[in-house]
Structure formats: structure tokens, C-alpha cells
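J.: Here's a structure for you.
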Amino acid sequence: MNNIIVGVDLAKNVIQVCIYSNQKVRSNTEMTTSKFTEWLANSAPVMIVFEACGTSNYWKQKALSLGHDARLISPNLVKSIRQNQKTDENDALAIVQASLLPNVTFIAGKSIEQQQLQSMLRLRELCVKQKTASYNQLVALLSEFNIKVSNRNGGLKGTIEAVLEDADNGFSVEFRQALQMACVQFSSIVQSIAVYDTCLENALESHSDCKKLLQLEGVGTLNAINLYIALGCAELSVFKKGKNAKLIDLKSVN
């Protein structure tokens, strides 16, 4: 590696690249994503600093795969350094300046494996929220007809099935169809959560570091994966000592 530092601002449609060396800005240019990819592939290994954002993990992984020293930096730190108005050029320069601060702490970022695990967790979390919202709405609607949902009558699904089978409750054909569709949608959400659980359990089996976290008392599949992502187990250099686990009030695993 040479003494060149490259600050990269990942804007929505373009990428701003500020090249800095020997205390001078050598260039601060705008590139398309394809042009930046080409530049990464053709440039000698340098230190590249990305402002942490939605796509920064991808670009960090890309730069690392091409031999660069890629790092992520906090957007709040960049904001505190930036001078003048907010522009892509000023942001890219501020990224460089922030990276030069003494004792600056870079963000570890996520590996592609961690990103995939986190995405599965978020999809599951969305389904859980949808399940809760759907359940609460259906229970409230049924209660307006003095129909109570309880485990004794088969829960929500059993209650709806009983309502649909009751020919004397005065419900119209249209309402029955709507209620049946709502029940199908609710059941589909429940099945989706089960699929996500299976995906996460299978994924955990293939990650030895993540699997070790199951040894912790009270830690199941979901907590193990969340801890794996938070602690950066895929990047062992992030947490070098067992005492770092105090951050989450846990004892280290041997």
C-alpha cells in the first residue's frame, strides 16, 4: 500500500471519488458505478474509505476482493468534519479528512454472509409484524359480531372456520368470501414465518462461529444470529478479547 487515501461518497446515482496524497487533493471526480468498478479493478492497492450507508458493505467487499484496504467510516463523523455546504465533492473530501483524524475508529461492516443472515431476520421480523397486525384486526372485527376468539374454539383459524360453516349467522356470501380470504392470508403469513425459521436454522448450522453462541445460556437461534451479526464474529479482529463480550453482558465462550 502507498500513502494514497481515497474517500468515496456513495451517492444515489453516482459515486464521488476523492484521491488524496501528500497532503493534497489529487482529484475529486464523479463516476458511474460501472466506471468506479473498472477503476477499482485497474488501480494499484490503496486505502479506500467509504462513508457507511446502504450500499457501503457491498462496495467494501468489492474493494477488498480486488486487493484494496477498504474501510467504512461513520457518517456522523464525516458530517462533523465537512466544511461548506453539503455536496458530493465536499462529502468525499470530508471522508478523507475524517479518516486522517488521530485515533479514528472505523466501522467493521458486514460480510456477505452476515448481510444475508440479517436480511432473513428482517424478512422474518416483517412477517411477525404482519401476523400481529392481521390477528389483531381479525379479532377486533369478529368481536363486533360478538364472536370471541380463544384457544378453546381452535384459535383464530378455528373460529373463522366455525363462522364460515354456520349457515344461520346471517353473514352474506360476500362477507364470507372476504373472511375466508383473510384467514388464508393469515395462515400464509404463519407458514412464511415457519419457512424463515427453517432457513435461519439451516444457515446457523453452516456458521461455526455463530453456532458457538448457542452454548450461551438463554440464547436460541434468533439471538445467536443477532449476536453473530452485532459482534462481527466473521471478522475476528473486531473483538480481540473475551472481555469485549461485556458489551452485551455475556461471558466469553471458550
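A note on labels: chains of the C-alpha cells are A, B, ... as shown, every chain counts residues from 1, and ligands are counted from 1 in their shown order.
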Tell me which protein, DNA and RNA residues are within 12 Å of Gln185 in chain A, counting only C-alpha atoms, leaving out same-chain ones fewer than 4 positions away, and put them as a list in words.
T.: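 Neighbouring residues, sequence-local ones excluded: Cys127, Gln130, Lys131, Ala133, Ser134, Tyr135, Leu138, Lys157, Ala178, Leu179, Gln180, Met181, Ile189, Val190, Gln191 and Ser192 of chain A.
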J.: Residues within 6 Å of range 73-77 of chain A, please, as a list in words. Count only C-alpha atoms; anything in the same chain fewer than 4 positions from it doesn't count.
T.: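 Answer for this query is Glu51, Ala52, Phe106 and Ile107 of chain A.
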J.: DSSP on the backbone, then: every residue of range 112-250 of chain A marked helix (DSSP H, G or I), written as a CSV table (one decimal) with C-alpha atoms, in the first residue's frame.
T.:
```csv
chain,number,residue,atom,x,y,z
A,112,ILE,CA,-21.9,-11.0,2.6
A,113,GLU,CA,-22.8,-13.9,4.9
A,114,GLN,CA,-23.8,-11.5,7.7
A,115,GLN,CA,-25.8,-9.4,5.3
A,116,GLN,CA,-27.8,-12.4,4.1
A,117,LEU,CA,-28.5,-13.5,7.7
A,118,GLN,CA,-29.6,-10.0,8.6
A,119,SER,CA,-31.8,-9.9,5.6
A,120,MET,CA,-33.5,-13.1,6.6
A,121,LEU,CA,-34.0,-11.8,10.1
A,122,ARG,CA,-35.6,-8.6,8.7
A,123,LEU,CA,-37.9,-10.6,6.4
A,124,ARG,CA,-39.0,-12.7,9.4
A,125,GLU,CA,-39.5,-9.6,11.6
A,126,LEU,CA,-41.7,-8.1,8.9
A,127,CYS,CA,-43.8,-11.3,8.8
A,128,VAL,CA,-44.2,-11.3,12.6
A,129,LYS,CA,-45.4,-7.7,12.5
A,130,GLN,CA,-47.9,-8.6,9.7
A,131,LYS,CA,-49.1,-11.6,11.7
A,132,THR,CA,-49.7,-9.5,14.8
A,133,ALA,CA,-51.5,-6.8,12.8
A,134,SER,CA,-53.6,-9.3,10.9
A,135,TYR,CA,-54.5,-11.2,14.0
A,136,ASN,CA,-55.5,-8.1,16.0
A,137,GLN,CA,-57.6,-6.8,13.1
A,138,LEU,CA,-59.5,-10.0,12.6
A,139,VAL,CA,-60.1,-10.5,16.4
A,140,ALA,CA,-61.4,-6.9,16.6
A,141,LEU,CA,-63.7,-7.4,13.5
A,142,LEU,CA,-65.1,-10.6,14.9
A,143,SER,CA,-65.7,-9.1,18.3
A,151,ASN,CA,-57.8,-21.4,22.2
A,152,ARG,CA,-60.8,-23.4,23.3
A,153,ASN,CA,-62.5,-22.9,20.0
A,155,GLY,CA,-57.9,-20.1,18.0
A,156,LEU,CA,-58.4,-17.6,15.2
A,157,LYS,CA,-58.4,-20.1,12.4
A,158,GLY,CA,-60.8,-22.4,14.1
A,159,THR,CA,-63.1,-19.6,15.0
A,160,ILE,CA,-63.3,-18.4,11.4
A,161,GLU,CA,-63.8,-21.9,10.1
A,162,ALA,CA,-66.7,-22.3,12.5
A,163,VAL,CA,-68.2,-19.0,11.4
A,164,LEU,CA,-68.0,-20.0,7.8
A,165,GLU,CA,-69.7,-23.3,8.5
A,173,VAL,CA,-71.8,-14.6,0.7
A,174,GLU,CA,-69.5,-11.6,0.1
A,175,PHE,CA,-68.5,-11.3,3.7
A,176,ARG,CA,-67.9,-15.0,4.0
A,177,GLN,CA,-65.6,-14.8,1.0
A,178,ALA,CA,-63.7,-11.8,2.4
A,179,LEU,CA,-63.4,-13.6,5.8
A,180,GLN,CA,-62.1,-16.7,4.2
A,181,MET,CA,-59.5,-14.8,2.2
A,182,ALA,CA,-58.4,-13.0,5.3
A,183,CYS,CA,-58.0,-16.4,7.0
A,184,VAL,CA,-56.0,-17.7,4.1
A,185,GLN,CA,-53.7,-14.6,4.2
A,186,PHE,CA,-53.2,-15.1,7.9
A,187,SER,CA,-52.3,-18.8,7.5
A,188,SER,CA,-49.9,-17.9,4.7
A,189,ILE,CA,-48.1,-15.4,7.0
A,190,VAL,CA,-47.8,-18.1,9.7
A,191,GLN,CA,-46.4,-20.5,7.2
A,192,SER,CA,-43.9,-17.9,5.9
A,193,ILE,CA,-42.6,-17.4,9.4
A,194,ALA,CA,-42.0,-21.2,9.7
A,195,VAL,CA,-40.1,-21.1,6.4
A,196,TYR,CA,-37.9,-18.2,7.6
A,197,ASP,CA,-37.3,-20.1,10.8
A,198,THR,CA,-36.1,-23.2,8.9
A,199,CYS,CA,-33.9,-21.0,6.6
A,200,LEU,CA,-32.3,-19.4,9.7
A,201,GLU,CA,-31.7,-22.7,11.5
A,202,ASN,CA,-30.1,-24.2,8.4
A,203,ALA,CA,-28.0,-21.1,7.9
A,204,LEU,CA,-26.8,-21.2,11.5
A,205,GLU,CA,-25.7,-24.8,11.1
A,208,SER,CA,-19.4,-22.4,13.2
A,209,ASP,CA,-18.8,-19.1,15.0
A,210,CYS,CA,-22.5,-18.4,15.0
A,211,LYS,CA,-23.3,-21.9,16.2
A,212,LYS,CA,-20.9,-21.5,19.2
A,213,LEU,CA,-23.2,-18.7,20.6
A,214,LEU,CA,-25.9,-21.4,21.2
A,215,GLN,CA,-23.7,-22.5,24.1
A,221,THR,CA,-31.3,-19.4,17.0
A,222,LEU,CA,-32.5,-15.9,16.6
A,223,ASN,CA,-30.4,-14.4,19.4
A,224,ALA,CA,-27.4,-16.3,18.2
A,225,ILE,CA,-27.7,-14.9,14.7
A,226,ASN,CA,-28.3,-11.4,16.0
A,227,LEU,CA,-25.3,-11.6,18.3
A,228,TYR,CA,-23.2,-13.0,15.5
A,229,ILE,CA,-24.0,-10.0,13.3
A,230,ALA,CA,-23.6,-7.5,16.1
A,231,LEU,CA,-20.3,-8.9,17.4
A,242,GLY,CA,-13.1,-12.1,25.7
A,243,LYS,CA,-13.8,-9.2,27.9
A,244,ASN,CA,-15.3,-7.4,24.9
A,245,ALA,CA,-18.4,-9.6,25.4
A,246,LYS,CA,-19.2,-7.4,28.4
A,247,LEU,CA,-20.7,-5.0,25.8
A,248,ILE,CA,-23.7,-7.3,25.7
```
J.: Can you tell me which residues surround range 97-99 of chain A at a distance of at most 8 Å, considering only C-alpha atoms, apart from same-chain residues fewer than 2 positions away, and format the answer as a JSON list (two decimals) with C-alpha atoms, in the first residue's frame?
T.:
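To be explicit, this is the file written out as selection.json:
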```json
[["chain", "number", "residue", "atom", "x", "y", "z"],
["A", 49, "VAL", "CA", -12.64, 4.85, 2.86],
["A", 73, "ILE", "CA", -16.40, 5.42, 8.47],
["A", 77, "LEU", "CA", -18.08, 11.85, 11.93],
["A", 78, "VAL", "CA", -17.98, 12.87, 8.28],
["A", 81, "ILE", "CA", -15.78, 17.38, 9.53],
["A", 93, "LEU", "CA", -13.19, 15.26, 0.85],
["A", 94, "ALA", "CA", -14.66, 15.15, 4.36],
["A", 95, "ILE", "CA", -14.43, 11.35, 4.29],
["A", 101, "LEU", "CA", -8.07, 12.07, 12.45],
["A", 104, "VAL", "CA", -10.28, 7.39, 14.42]]
```
J.: Rounded to one decimal, what separation in Å do you get between CA of Ala167 in chain A and CA of Phe145 in chain A?
T.: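 For CA of Ala167 in chain A relative to CA of Phe145 in chain A, the distance reads 15.0 Å.
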J.: Counting only C-alpha atoms, which residue out of A:Asn84, A:Asn90, A:Gln61, A:Thr105 sits closest to Thr37 in chain A?
T.: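 For Thr37 in chain A, the nearest of the given residues is A:Gln61.
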